[in-house]
$ cat upload-v8.pdb   # PDB, C-alpha atoms
ATOM      1  CA  MET P   1      92.627   1.108   4.756
ATOM      2  CA  SER P   2      89.005   1.819   4.091
ATOM      3  CA  LEU P   3      87.733   3.187   0.786
ATOM      4  CA  THR P   4      84.367   4.602  -0.203
ATOM      5  CA  ARG P   5      82.079   1.890  -1.515
ATOM      6  CA  ARG P   6      81.344   3.820  -4.721
ATOM      7  CA  ASP P   7      85.024   4.336  -5.567
ATOM      8  CA  PHE P   8      85.875   0.752  -4.713
ATOM      9  CA  LEU P   9      83.208  -0.783  -6.920
ATOM     10  CA  ALA P  10      83.907   1.450  -9.881
ATOM     11  CA  THR P  11      87.631   0.939  -9.860
ATOM     12  CA  SER P  12      87.439  -2.772  -9.043
ATOM     13  CA  ALA P  13      85.290  -3.340 -12.121
ATOM     14  CA  ALA P  14      87.768  -1.463 -14.269
ATOM     15  CA  ALA P  15      90.650  -3.449 -12.863
ATOM     16  CA  ALA P  16      88.923  -6.770 -13.451
ATOM     17  CA  ALA P  17      88.057  -5.833 -17.018
ATOM     18  CA  ALA P  18      91.705  -5.125 -17.652
ATOM     19  CA  GLY P  19      92.577  -8.566 -16.339
ATOM     20  CA  ALA P  20      95.267  -7.128 -14.156
ATOM     21  CA  PHE P  21      94.407  -7.993 -10.574
ATOM     22  CA  ALA P  22      97.749  -9.598  -9.899
ATOM     23  CA  ARG P  23      99.854  -7.088 -11.817
ATOM     24  CA  PRO P  24      98.966  -4.431  -9.256
ATOM     25  CA  ALA P  25     101.431  -5.417  -7.439
ATOM     26  CA  PHE P  26     104.022  -3.364  -8.938
ATOM     27  CA  GLY P  27     102.101  -0.154  -9.206
ATOM     28  CA  ARG P  28     101.637  -0.103 -12.969
ATOM     29  CA  SER P  29      98.278  -1.773 -13.478
ATOM     30  CA  ALA P  30      94.640  -0.824 -13.513
ATOM     31  CA  PHE P  31      94.293  -2.337 -10.040
ATOM     32  CA  ALA P  32      96.550   0.341  -8.588
ATOM     33  CA  ARG P  33      93.936   2.917  -9.595
ATOM     34  CA  ILE P  34      91.658   1.486  -6.909
ATOM     35  CA  TRP P  35      93.687   3.490  -4.439
ATOM     36  CA  GLN P  36      94.079   6.708  -6.406
ATOM     37  CA  GLY P  37      92.390   9.606  -4.716
ATOM     38  CA  GLN P  38      93.374   8.383  -1.252
ATOM     39  CA  GLN P  39      95.710  11.040   0.054
ATOM     40  CA  ALA P  40      95.925   9.775   3.593
ATOM     41  CA  ALA P  41      99.010  10.612   5.606
ATOM     42  CA  PRO P  42     101.024   7.710   7.035
ATOM     43  CA  VAL P  43      99.647   6.668  10.406
ATOM     44  CA  PHE P  44     101.357   4.299  12.859
ATOM     45  CA  THR P  45      98.963   2.888  15.457
ATOM     46  CA  PRO P  46     100.379   0.813  18.346
ATOM     47  CA  ILE P  47      98.408  -2.183  19.561
ATOM     48  CA  ARG P  48     100.414  -3.786  22.342
ATOM     49  CA  ARG P  49     103.879  -5.107  23.226
ATOM     50  CA  ASN P  50     105.686  -3.192  20.434
ATOM     51  CA  VAL P  51     103.296  -4.422  17.715
ATOM     52  CA  GLY P  52     101.049  -2.111  15.713
ATOM     53  CA  TYR P  53      99.609  -1.356  12.301
ATOM     54  CA  PHE P  54     100.255   1.215   9.566
ATOM     55  CA  THR P  55      97.632   2.754   7.287
ATOM     56  CA  MET P  56      98.068   4.947   4.254
ATOM     57  CA  ARG P  57      97.062   3.635   0.813
ATOM     58  CA  GLY P  58      96.619  -0.089   0.263
ATOM     59  CA  GLY P  59      96.242  -3.146   2.457
ATOM     60  CA  THR P  60      96.927  -2.657   6.156
ATOM     61  CA  ILE P  61     100.577  -3.134   7.190
ATOM     62  CA  GLY P  62     101.561  -4.759  10.484
ATOM     63  CA  TRP P  63     104.779  -3.871  12.293
ATOM     64  CA  LEU P  64     106.989  -4.766  15.227
ATOM     65  CA  VAL P  65     109.785  -2.590  16.620
ATOM     66  CA  ASN P  66     111.612  -3.768  19.736
ATOM     67  CA  SER P  67     115.181  -3.515  21.002
ATOM     68  CA  GLY P  68     116.261  -6.571  19.039
ATOM     69  CA  ALA P  69     114.313  -6.577  15.774
ATOM     70  CA  VAL P  70     112.157  -4.778  13.250
ATOM     71  CA  VAL P  71     109.430  -6.704  11.395
ATOM     72  CA  CYS P  72     107.069  -5.475   8.686
ATOM     73  CA  VAL P  73     104.054  -7.436   7.408
ATOM     74  CA  ASP P  74     103.101  -6.334   3.860
ATOM     75  CA  SER P  75     104.256  -3.160   2.124
ATOM     76  CA  GLN P  76     101.376  -1.419   0.253
ATOM     77  CA  PHE P  77     102.701   0.489  -2.821
ATOM     78  CA  PRO P  78     106.241   1.856  -3.370
ATOM     79  CA  ALA P  79     105.692   5.375  -2.004
ATOM     80  CA  GLU P  80     103.648   4.074   0.901
ATOM     81  CA  GLY P  81     106.168   1.329   1.573
ATOM     82  CA  LYS P  82     108.902   3.977   1.730
ATOM     83  CA  ALA P  83     106.822   6.065   4.144
ATOM     84  CA  CYS P  84     106.334   3.011   6.345
ATOM     85  CA  LEU P  85     110.028   2.145   6.180
ATOM     86  CA  ASP P  86     111.032   5.693   7.101
ATOM     87  CA  GLY P  87     108.751   5.568  10.126
ATOM     88  CA  LEU P  88     110.100   2.190  11.212
ATOM     89  CA  GLN P  89     113.675   3.403  10.979
ATOM     90  CA  THR P  90     112.822   6.494  13.014
ATOM     91  CA  ARG P  91     111.265   4.295  15.675
ATOM     92  CA  SER P  92     114.221   1.877  15.692
ATOM     93  CA  ASN P  93     117.031   4.473  15.514
ATOM     94  CA  GLY P  94     117.975   3.473  12.002
ATOM     95  CA  ARG P  95     117.930  -0.286  12.372
ATOM     96  CA  GLY P  96     117.325  -2.278   9.206
ATOM     97  CA  VAL P  97     114.269  -4.481   8.740
ATOM     98  CA  ASP P  98     114.988  -7.992   9.968
ATOM     99  CA  LEU P  99     111.886  -9.525   8.393
ATOM    100  CA  LEU P 100     109.538  -8.371   5.648
ATOM    101  CA  ILE P 101     106.644 -10.820   5.442
ATOM    102  CA  ASN P 102     104.002 -10.852   2.686
ATOM    103  CA  THR P 103     100.575 -12.240   3.565
ATOM    104  CA  HIS P 104      99.826 -12.938  -0.137
ATOM    105  CA  HIS P 105     100.816 -11.692  -3.601
ATOM    106  CA  HIS P 106      98.386  -8.872  -4.438
ATOM    107  CA  GLY P 107      99.968  -5.570  -5.304
ATOM    108  CA  ASP P 108      98.359  -3.408  -2.657
ATOM    109  CA  HIS P 109     100.260  -5.620  -0.190
ATOM    110  CA  THR P 110     103.520  -6.278  -2.075
ATOM    111  CA  ALA P 111     104.287  -3.455  -4.516
ATOM    112  CA  GLY P 112     106.073  -1.610  -1.749
ATOM    113  CA  ASN P 113     108.540  -4.477  -1.300
ATOM    114  CA  VAL P 114     110.811  -2.684  -3.747
ATOM    115  CA  SER P 115     111.207   0.142  -1.231
ATOM    116  CA  PHE P 116     112.755  -2.346   1.203
ATOM    117  CA  ARG P 117     115.482  -3.490  -1.202
ATOM    118  CA  GLY P 118     118.855  -3.350   0.531
ATOM    119  CA  VAL P 119     117.173  -2.769   3.905
ATOM    120  CA  ALA P 120     115.178  -5.959   4.546
ATOM    121  CA  ASN P 121     117.394  -8.851   5.598
ATOM    122  CA  LYS P 122     114.821 -11.500   4.719
ATOM    123  CA  VAL P 123     111.582 -11.518   2.705
ATOM    124  CA  VAL P 124     109.144 -14.293   3.652
ATOM    125  CA  ALA P 125     105.985 -15.606   1.956
ATOM    126  CA  HIS P 126     104.036 -18.778   1.288
ATOM    127  CA  VAL P 127     105.439 -20.719  -1.646
ATOM    128  CA  LYS P 128     102.323 -20.118  -3.768
ATOM    129  CA  ALA P 129     102.321 -16.399  -3.003
ATOM    130  CA  ALA P 130     105.945 -16.216  -4.114
ATOM    131  CA  GLU P 131     105.066 -18.055  -7.331
ATOM    132  CA  HIS P 132     102.217 -15.640  -8.040
ATOM    133  CA  MET P 133     104.477 -12.672  -7.398
ATOM    134  CA  ARG P 134     106.998 -13.937  -9.940
ATOM    135  CA  GLN P 135     104.329 -14.965 -12.449
ATOM    136  CA  PRO P 136     101.032 -13.220 -11.769
ATOM    137  CA  PRO P 137      98.055 -15.260 -13.057
ATOM    138  CA  GLY P 138      97.008 -13.874 -16.430
ATOM    139  CA  ALA P 139      99.639 -11.155 -16.445
ATOM    140  CA  GLN P 140     103.225 -10.487 -17.430
ATOM    141  CA  PRO P 141     105.948 -10.945 -14.801
ATOM    142  CA  PRO P 142     106.921  -7.704 -13.116
ATOM    143  CA  ALA P 143     109.977  -5.867 -14.413
ATOM    144  CA  ASP P 144     111.001  -4.479 -11.025
ATOM    145  CA  ALA P 145     110.214  -6.114  -7.700
ATOM    146  CA  LEU P 146     111.672  -7.490  -4.506
ATOM    147  CA  PHE P 147     110.637 -11.134  -4.269
ATOM    148  CA  PRO P 148     110.598 -13.451  -1.247
ATOM    149  CA  ASP P 149     113.855 -15.273  -0.583
ATOM    150  CA  THR P 150     112.324 -17.515   2.100
ATOM    151  CA  THR P 151     109.202 -19.598   1.433
ATOM    152  CA  PHE P 152     107.239 -22.276   3.257
ATOM    153  CA  GLU P 153     104.263 -24.570   2.660
ATOM    154  CA  GLU P 154     102.457 -24.998   5.988
ATOM    155  CA  THR P 155     104.142 -23.149   8.862
ATOM    156  CA  TRP P 156     107.139 -20.914   9.487
ATOM    157  CA  ALA P 157     108.497 -19.182  12.594
ATOM    158  CA  ALA P 158     111.415 -17.039  13.766
ATOM    159  CA  ASP P 159     112.499 -15.096  16.828
ATOM    160  CA  ALA P 160     112.446 -11.301  16.507
ATOM    161  CA  GLY P 161     114.121  -9.820  19.569
ATOM    162  CA  ASP P 162     111.922 -10.787  22.499
ATOM    163  CA  GLU P 163     109.009 -11.634  20.183
ATOM    164  CA  ARG P 164     108.219 -14.875  18.366
ATOM    165  CA  VAL P 165     106.730 -14.421  14.895
ATOM    166  CA  SER P 166     105.011 -17.313  13.143
ATOM    167  CA  ALA P 167     103.000 -17.848   9.973
ATOM    168  CA  ARG P 168     100.373 -20.450   9.134
ATOM    169  CA  TYR P 169      98.749 -21.482   5.865
ATOM    170  CA  TYR P 170      95.092 -22.490   6.100
ATOM    171  CA  GLY P 171      94.694 -23.645   2.527
ATOM    172  CA  ARG P 172      93.084 -21.968  -0.461
ATOM    173  CA  ALA P 173      90.947 -18.978   0.482
ATOM    174  CA  HIS P 174      91.256 -15.428  -0.871
ATOM    175  CA  THR P 175      94.036 -16.843  -3.104
ATOM    176  CA  SER P 176      96.026 -20.066  -2.962
ATOM    177  CA  GLY P 177      98.824 -18.420  -0.975
ATOM    178  CA  ASP P 178      97.344 -16.417   1.909
ATOM    179  CA  VAL P 179      98.836 -16.805   5.387
ATOM    180  CA  ALA P 180      98.104 -15.445   8.843
ATOM    181  CA  ILE P 181     101.056 -13.918  10.706
ATOM    182  CA  THR P 182     101.079 -14.213  14.504
ATOM    183  CA  PHE P 183     103.093 -12.121  16.943
ATOM    184  CA  GLU P 184     102.862 -14.796  19.583
ATOM    185  CA  ARG P 185     103.809 -12.970  22.791
ATOM    186  CA  ALA P 186     101.832  -9.871  21.849
ATOM    187  CA  ASN P 187      98.944 -12.147  20.836
ATOM    188  CA  VAL P 188      98.302 -10.133  17.669
ATOM    189  CA  VAL P 189      97.534 -11.756  14.316
ATOM    190  CA  HIS P 190      97.805 -10.086  10.915
ATOM    191  CA  MET P 191      95.189 -11.754   8.703
ATOM    192  CA  GLY P 192      96.017  -9.950   5.462
ATOM    193  CA  ASP P 193      93.190 -10.352   2.958
ATOM    194  CA  LEU P 194      91.879 -13.420   4.725
ATOM    195  CA  MET P 195      89.844 -10.822   6.580
ATOM    196  CA  PHE P 196      87.645  -8.057   5.121
ATOM    197  CA  ASN P 197      85.742  -6.233   7.855
ATOM    198  CA  GLN P 198      82.137  -5.671   6.702
ATOM    199  CA  ARG P 199      83.173  -5.113   3.117
ATOM    200  CA  HIS P 200      82.566  -7.304   0.068
ATOM    201  CA  PRO P 201      85.852  -9.080  -0.631
ATOM    202  CA  LEU P 202      87.669  -9.683  -3.866
ATOM    203  CA  VAL P 203      87.864 -13.418  -4.557
ATOM    204  CA  ASP P 204      90.795 -14.288  -6.844
ATOM    205  CA  ARG P 205      89.765 -17.610  -8.360
ATOM    206  CA  ALA P 206      92.419 -17.238 -11.073
ATOM    207  CA  ALA P 207      94.937 -17.473  -8.232
ATOM    208  CA  GLY P 208      93.201 -20.451  -6.616
ATOM    209  CA  ALA P 209      90.598 -18.857  -4.344
ATOM    210  CA  THR P 210      87.697 -20.831  -2.903
ATOM    211  CA  MET P 211      84.975 -19.313  -0.765
ATOM    212  CA  ARG P 212      84.088 -22.639   0.858
ATOM    213  CA  ASN P 213      87.546 -23.196   2.279
ATOM    214  CA  TRP P 214      87.889 -19.502   3.058
ATOM    215  CA  ALA P 215      85.013 -19.862   5.510
ATOM    216  CA  THR P 216      86.727 -22.893   7.034
ATOM    217  CA  ALA P 217      89.965 -20.932   7.330
ATOM    218  CA  MET P 218      88.209 -18.372   9.525
ATOM    219  CA  ASP P 219      87.225 -21.094  11.978
ATOM    220  CA  ARG P 220      90.707 -22.598  11.984
ATOM    221  CA  ALA P 221      92.355 -19.231  12.618
ATOM    222  CA  ALA P 222      90.004 -18.563  15.532
ATOM    223  CA  ARG P 223      90.708 -21.998  17.035
ATOM    224  CA  ASP P 224      94.460 -21.432  16.810
ATOM    225  CA  HIS P 225      94.227 -18.292  18.952
ATOM    226  CA  ASP P 226      92.439 -17.260  22.122
ATOM    227  CA  ALA P 227      89.674 -14.892  23.131
ATOM    228  CA  ASP P 228      92.166 -12.096  23.870
ATOM    229  CA  THR P 229      93.769 -12.171  20.413
ATOM    230  CA  ILE P 230      93.638  -8.960  18.414
ATOM    231  CA  TYR P 231      93.391  -9.447  14.655
ATOM    232  CA  ILE P 232      94.634  -6.988  12.031
ATOM    233  CA  PHE P 233      92.434  -6.960   8.919
ATOM    234  CA  GLY P 234      93.642  -6.423   5.369
ATOM    235  CA  HIS P 235      90.704  -4.124   4.595
ATOM    236  CA  SER P 236      87.582  -2.713   6.182
ATOM    237  CA  GLY P 237      84.435  -0.933   5.162
ATOM    238  CA  THR P 238      84.323   2.866   5.224
ATOM    239  CA  ASN P 239      84.973   4.266   8.711
ATOM    240  CA  LEU P 240      85.230   0.783  10.214
ATOM    241  CA  PRO P 241      88.261  -0.421  12.200
ATOM    242  CA  VAL P 242      91.051  -2.538  10.713
ATOM    243  CA  THR P 243      91.448  -4.484  13.946
ATOM    244  CA  GLY P 244      89.039  -6.673  15.853
ATOM    245  CA  SER P 245      88.339  -9.947  17.603
ATOM    246  CA  ARG P 246      87.415 -13.532  16.832
ATOM    247  CA  ALA P 247      83.784 -12.369  16.701
ATOM    248  CA  ASP P 248      84.659 -10.418  13.552
ATOM    249  CA  LEU P 249      86.204 -13.541  12.005
ATOM    250  CA  ALA P 250      83.036 -15.464  12.791
ATOM    251  CA  GLN P 251      80.914 -12.744  11.213
ATOM    252  CA  PHE P 252      82.987 -12.827   8.036
ATOM    253  CA  ARG P 253      82.824 -16.641   7.987
ATOM    254  CA  ASP P 254      79.046 -16.419   8.215
ATOM    255  CA  TYR P 255      78.984 -13.843   5.419
ATOM    256  CA  LEU P 256      80.951 -16.134   3.087
ATOM    257  CA  GLY P 257      78.628 -19.023   3.871
ATOM    258  CA  ALA P 258      75.560 -16.821   3.377
ATOM    259  CA  VAL P 259      76.734 -15.717  -0.085
ATOM    260  CA  LEU P 260      77.206 -19.347  -1.115
ATOM    261  CA  GLU P 261      73.813 -20.347   0.304
ATOM    262  CA  PHE P 262      72.088 -17.421  -1.385
ATOM    263  CA  VAL P 263      73.577 -18.232  -4.783
ATOM    264  CA  ASN P 264      72.833 -21.931  -4.378
ATOM    265  CA  ALA P 265      69.179 -21.104  -3.665
ATOM    266  CA  GLN P 266      68.988 -18.932  -6.792
ATOM    267  CA  VAL P 267      70.476 -21.700  -8.938
ATOM    268  CA  LYS P 268      68.024 -24.261  -7.507
ATOM    269  CA  ALA P 269      65.207 -21.831  -8.269
ATOM    270  CA  GLY P 270      66.205 -21.968 -11.940
ATOM    271  CA  ARG P 271      67.723 -18.509 -12.277
ATOM    272  CA  SER P 272      70.366 -18.082 -14.952
ATOM    273  CA  ARG P 273      73.930 -16.959 -14.388
ATOM    274  CA  ASP P 274      73.134 -13.498 -15.730
ATOM    275  CA  GLU P 275      70.109 -13.205 -13.463
ATOM    276  CA  VAL P 276      72.107 -14.176 -10.393
ATOM    277  CA  LEU P 277      74.989 -11.856 -11.159
ATOM    278  CA  ALA P 278      72.619  -8.957 -11.841
ATOM    279  CA  MET P 279      71.380  -9.007  -8.247
ATOM    280  CA  ARG P 280      72.462  -5.930  -6.315
ATOM    281  CA  ASP P 281      70.461  -5.775  -3.092
ATOM    282  CA  PRO P 282      72.387  -6.200   0.159
ATOM    283  CA  LEU P 283      72.550  -9.749   1.460
ATOM    284  CA  LYS P 284      69.904 -10.404   4.108
ATOM    285  CA  GLY P 285      71.499 -10.371   7.537
ATOM    286  CA  PHE P 286      74.588  -8.614   6.197
ATOM    287  CA  GLU P 287      73.150  -5.277   5.161
ATOM    288  CA  SER P 288      76.145  -3.382   6.544
ATOM    289  CA  TRP P 289      78.246  -4.838   3.721
ATOM    290  CA  GLY P 290      76.179  -2.740   1.306
ATOM    291  CA  ARG P 291      74.921  -3.559  -2.164
ATOM    292  CA  PHE P 292      76.745  -5.940  -4.447
ATOM    293  CA  GLY P 293      78.654  -4.265  -7.249
ATOM    294  CA  GLN P 294      78.911  -4.931 -10.959
ATOM    295  CA  ALA P 295      79.609  -8.559 -11.761
ATOM    296  CA  ASN P 296      83.259  -9.228 -12.528
ATOM    297  CA  PRO P 297      85.562 -12.256 -12.288
ATOM    298  CA  ARG P 298      86.477 -11.453  -8.687
ATOM    299  CA  ASP P 299      83.090 -10.364  -7.377
ATOM    300  CA  PRO P 300      81.833 -12.680  -4.580
ATOM    301  CA  LEU P 301      78.561 -13.407  -6.422
ATOM    302  CA  THR P 302      80.461 -14.429  -9.560
ATOM    303  CA  CYS P 303      82.841 -16.634  -7.631
ATOM    304  CA  ALA P 304      80.071 -18.167  -5.540
ATOM    305  CA  TYR P 305      78.136 -18.987  -8.724
ATOM    306  CA  GLU P 306      81.192 -20.703 -10.194
ATOM    307  CA  GLU P 307      81.741 -22.727  -7.037
ATOM    308  CA  VAL P 308      78.084 -23.723  -6.689
ATOM    309  CA  THR P 309      77.714 -24.800 -10.307
ATOM    310  CA  SER P 310      81.077 -26.542 -10.616
ATOM    311  CA  GLY P 311      80.231 -29.040  -7.930
TER     312      GLY P 311
END

$ encode --input "upload-v8.pdb" --output "structure tokens"
Amino acid sequence: MSLTRRDFLATSAAAAAAGAFARPAFGRSAFARIWQGQQAAPVFTPIRRNVGYFTMRGGTIGWLVNSGAVVCVDSQFPAEGKACLDGLQTRSNGRGVDLLINTHHHGDHTAGNVSFRGVANKVVAHVKAAEHMRQPPGAQPPADALFPDTTFEETWAADAGDERVSARYYGRAHTSGDVAITFERANVVHMGDLMFNQRHPLVDRAAGATMRNWATAMDRAARDHDADTIYIFGHSGTNLPVTGSRADLAQFRDYLGAVLEFVNAQVKAGRSRDEVLAMRDPLKGFESWGRFGQANPRDPLTCAYEEVTSG
């Protein structure tokens, strides 16, 4: 779900200062305020072969409803998760949710899990994402949540009616537990926050993120799928789509590499950490991403500086 650049930067800085990026998750942290002011109605958008995406407030949700199964990928916040669940049950004539899959642990993707309690038969996530959900880095464990009961390290797959759903871990990237979820017969992939469409990403180094491997993950995801694959993005810039093609993955890969190269050049030129992090102008070649925001622990410039200088 897109958000105005001004609102995103202001609230992201506040959330980072509170040290509560992972706590979001359960709707009671500063991070949740990133999405306040968005009053969007729930929207279900079909893609193909019974797979689609849901937008309201938070990271984009993927869904599947066919005659034999209901699958939901991510859950936004509790109220939004309930709105998504209600819509899925309407579309499936009251069927429960066979699979709820979390792409990673952040709260704008998992806080709504609680709305699926007693309805979701299985909750799936990468083992590291599940660990972060139970013990958010730098935060207190949540008091009320629905955690994954099925975890994996590299790959996972299951049949869902006439669809085959699989998940793959590409290593540390946006966090240490992000996975891509593939609806194999529909040829649709939910990237979660592995993919930000023309929008500066949040890089959660406290949860194991690395921009270098994140760029590599984009290439690996593209190689694992074909030219006809449609990708669902976790977030996009204002008024930009939350779906796209492998060309969008390549563009985001190039952006990550360009941020690292830019910061490395500044360090080699003798600029201090404060000087580098004070830079605000749009990155050359990626002007559509907009200006960089205030430096914070999860800003791409900050994280790139830490990676470049740590060897």

$ closest_residue --input "upload-v8.pdb" --among "P:Leu99, P:Ala215, P:Ile230, P:Leu240" --to "P:Ala258" --atoms "all atoms listed in the file"
P:Ala215

$ closest_residue --input "upload-v8.pdb" --among "P:Thr238, P:Val263, P:Arg253, P:Arg95" --to "P:Gly290" --atoms "only C-alpha atoms"
P:Thr238

$ closest_atom_pairs --input "upload-v8.pdb" --of "stretch 119-188 of chain P" --to "stretch 210-214 of chain P" --cutoff "8 Å" --atoms "only C-alpha atoms" --output "Markdown table"
| residue | atom | partner | partner_atom | distance |
| --- | --- | --- | --- | --- |
| P:Gly171 | CA | P:Asn213 | CA | 7.2 |
| P:Arg172 | CA | P:Thr210 | CA | 6.0 |
| P:Ala173 | CA | P:Trp214 | CA | 4.0 |
| P:His174 | CA | P:Trp214 | CA | 6.6 |
| P:Thr175 | CA | P:Thr210 | CA | 7.5 |

$ resolve_selection --input "upload-v8.pdb" --expression "the PyMOL selection byres ((chain P and resi 248) around 12)" --output "PDB file with C-alpha atoms, in the coordinates of the input"
ATOM      1  CA  MET P 191      95.189 -11.754   8.703  1.00  0.00           C
ATOM      2  CA  LEU P 194      91.879 -13.420   4.725  1.00  0.00           C
ATOM      3  CA  MET P 195      89.844 -10.822   6.580  1.00  0.00           C
ATOM      4  CA  PHE P 196      87.645  -8.057   5.121  1.00  0.00           C
ATOM      5  CA  ASN P 197      85.742  -6.233   7.855  1.00  0.00           C
ATOM      6  CA  GLN P 198      82.137  -5.671   6.702  1.00  0.00           C
ATOM      7  CA  ARG P 199      83.173  -5.113   3.117  1.00  0.00           C
ATOM      8  CA  MET P 218      88.209 -18.372   9.525  1.00  0.00           C
ATOM      9  CA  ASP P 219      87.225 -21.094  11.978  1.00  0.00           C
ATOM     10  CA  ALA P 221      92.355 -19.231  12.618  1.00  0.00           C
ATOM     11  CA  ALA P 222      90.004 -18.563  15.532  1.00  0.00           C
ATOM     12  CA  ALA P 227      89.674 -14.892  23.131  1.00  0.00           C
ATOM     13  CA  THR P 229      93.769 -12.171  20.413  1.00  0.00           C
ATOM     14  CA  ILE P 230      93.638  -8.960  18.414  1.00  0.00           C
ATOM     15  CA  TYR P 231      93.391  -9.447  14.655  1.00  0.00           C
ATOM     16  CA  ILE P 232      94.634  -6.988  12.031  1.00  0.00           C
ATOM     17  CA  PHE P 233      92.434  -6.960   8.919  1.00  0.00           C
ATOM     18  CA  SER P 236      87.582  -2.713   6.182  1.00  0.00           C
ATOM     19  CA  LEU P 240      85.230   0.783  10.214  1.00  0.00           C
ATOM     20  CA  PRO P 241      88.261  -0.421  12.200  1.00  0.00           C
ATOM     21  CA  VAL P 242      91.051  -2.538  10.713  1.00  0.00           C
ATOM     22  CA  THR P 243      91.448  -4.484  13.946  1.00  0.00           C
ATOM     23  CA  GLY P 244      89.039  -6.673  15.853  1.00  0.00           C
ATOM     24  CA  SER P 245      88.339  -9.947  17.603  1.00  0.00           C
ATOM     25  CA  ARG P 246      87.415 -13.532  16.832  1.00  0.00           C
ATOM     26  CA  ALA P 247      83.784 -12.369  16.701  1.00  0.00           C
ATOM     27  CA  LEU P 249      86.204 -13.541  12.005  1.00  0.00           C
ATOM     28  CA  ALA P 250      83.036 -15.464  12.791  1.00  0.00           C
ATOM     29  CA  GLN P 251      80.914 -12.744  11.213  1.00  0.00           C
ATOM     30  CA  PHE P 252      82.987 -12.827   8.036  1.00  0.00           C
ATOM     31  CA  ARG P 253      82.824 -16.641   7.987  1.00  0.00           C
ATOM     32  CA  ASP P 254      79.046 -16.419   8.215  1.00  0.00           C
ATOM     33  CA  TYR P 255      78.984 -13.843   5.419  1.00  0.00           C
TER      34      TYR P 255
END

$ closest_residue --input "upload-v8.pdb" --among "P:Asp108, P:Glu184, P:Asp144, P:Asp74" --to "P:Ala157" --atoms "all atoms listed in the file"
P:Glu184

$ residues_around --input "upload-v8.pdb" --residues "P:Met279" --least-positions-apart "4" --cutoff "12 Å" --atoms "all atoms listed in the file" --output "list of chain:residue names"
P:Val259, P:Phe262, P:Val263, P:Gln266, P:Arg271, P:Ser272, P:Arg273, P:Asp274, P:Glu275, P:Leu283, P:Arg291, P:Phe292, P:Gly293, P:Gln294, P:Ala295, P:Asp299, P:Pro300, P:Leu301, P:Thr302

$ closest_residue --input "upload-v8.pdb" --among "P:Thr216, P:Thr110, P:Asn50, P:Thr55" --to "P:Phe183" --atoms "all atoms listed in the file"
P:Asn50

$ atom_distance --input "upload-v8.pdb" --atom1 "atom CA of P:Val65" --atom2 "atom CA of P:Asp86"
12.7 Å

$ resolve_selection --input "upload-v8.pdb" --expression "the PyMOL selection byres ((chain P and resi 103) around 8)" --output "list in words"
Val73, Asp74, Ile101, Asn102, His104, His105, His109, Ala125, His126, Ala129, Gly177, Asp178, Val179, Ala180, Ile181, Met191, Gly192 and Asp193 of chain P

$ write_last_selection --input "upload-v8.pdb" --atoms "C-alpha atoms" --output "mmCIF file, keeping the file's coordinate frame"
data_model
loop_
_atom_site.group_PDB
_atom_site.id
_atom_site.type_symbol
_atom_site.label_atom_id
_atom_site.label_comp_id
_atom_site.auth_asym_id
_atom_site.auth_seq_id
_atom_site.Cartn_x
_atom_site.Cartn_y
_atom_site.Cartn_z
ATOM 1 C CA VAL P 73 104.054 -7.436 7.408
ATOM 2 C CA ASP P 74 103.101 -6.334 3.860
ATOM 3 C CA ILE P 101 106.644 -10.820 5.442
ATOM 4 C CA ASN P 102 104.002 -10.852 2.686
ATOM 5 C CA HIS P 104 99.826 -12.938 -0.137
ATOM 6 C CA HIS P 105 100.816 -11.692 -3.601
ATOM 7 C CA HIS P 109 100.260 -5.620 -0.190
ATOM 8 C CA ALA P 125 105.985 -15.606 1.956
ATOM 9 C CA HIS P 126 104.036 -18.778 1.288
ATOM 10 C CA ALA P 129 102.321 -16.399 -3.003
ATOM 11 C CA GLY P 177 98.824 -18.420 -0.975
ATOM 12 C CA ASP P 178 97.344 -16.417 1.909
ATOM 13 C CA VAL P 179 98.836 -16.805 5.387
ATOM 14 C CA ALA P 180 98.104 -15.445 8.843
ATOM 15 C CA ILE P 181 101.056 -13.918 10.706
ATOM 16 C CA MET P 191 95.189 -11.754 8.703
ATOM 17 C CA GLY P 192 96.017 -9.950 5.462
ATOM 18 C CA ASP P 193 93.190 -10.352 2.958
#

$ atom_distance --input "upload-v8.pdb" --atom1 "atom CA of P:Ser288" --atom2 "atom CA of P:Gly58"
21.7 Å

$ atom_distance --input "upload-v8.pdb" --atom1 "atom CA of P:Gly96" --atom2 "atom CA of P:Gly59"
22.2 Å

$ decode --input "upload-v8.pdb" --residues "stretch 208-213 of chain P" --atoms "N, CA and C atoms" --output "mmCIF file, in the first residue's frame"
data_model
loop_
_atom_site.group_PDB
_atom_site.id
_atom_site.type_symbol
_atom_site.label_atom_id
_atom_site.label_comp_id
_atom_site.auth_asym_id
_atom_site.auth_seq_id
_atom_site.Cartn_x
_atom_site.Cartn_y
_atom_site.Cartn_z
ATOM 1 N N GLY P 208 19.164 -8.612 11.147
ATOM 2 C CA GLY P 208 20.036 -9.371 10.257
ATOM 3 C C GLY P 208 20.077 -8.942 8.814
ATOM 4 N N ALA P 209 19.567 -7.753 8.485
ATOM 5 C CA ALA P 209 19.535 -7.325 7.087
ATOM 6 C C ALA P 209 20.929 -7.083 6.530
ATOM 7 N N THR P 210 21.061 -7.273 5.224
ATOM 8 C CA THR P 210 22.277 -6.912 4.498
ATOM 9 C C THR P 210 21.899 -6.494 3.094
ATOM 10 N N MET P 211 22.294 -5.289 2.721
ATOM 11 C CA MET P 211 21.937 -4.781 1.396
ATOM 12 C C MET P 211 22.667 -5.521 0.287
ATOM 13 N N ARG P 212 23.884 -5.973 0.548
ATOM 14 C CA ARG P 212 24.637 -6.694 -0.483
ATOM 15 C C ARG P 212 23.907 -7.971 -0.889
ATOM 16 N N ASN P 213 23.532 -8.771 0.102
ATOM 17 C CA ASN P 213 22.852 -10.017 -0.244
ATOM 18 C C ASN P 213 21.439 -9.765 -0.728
#
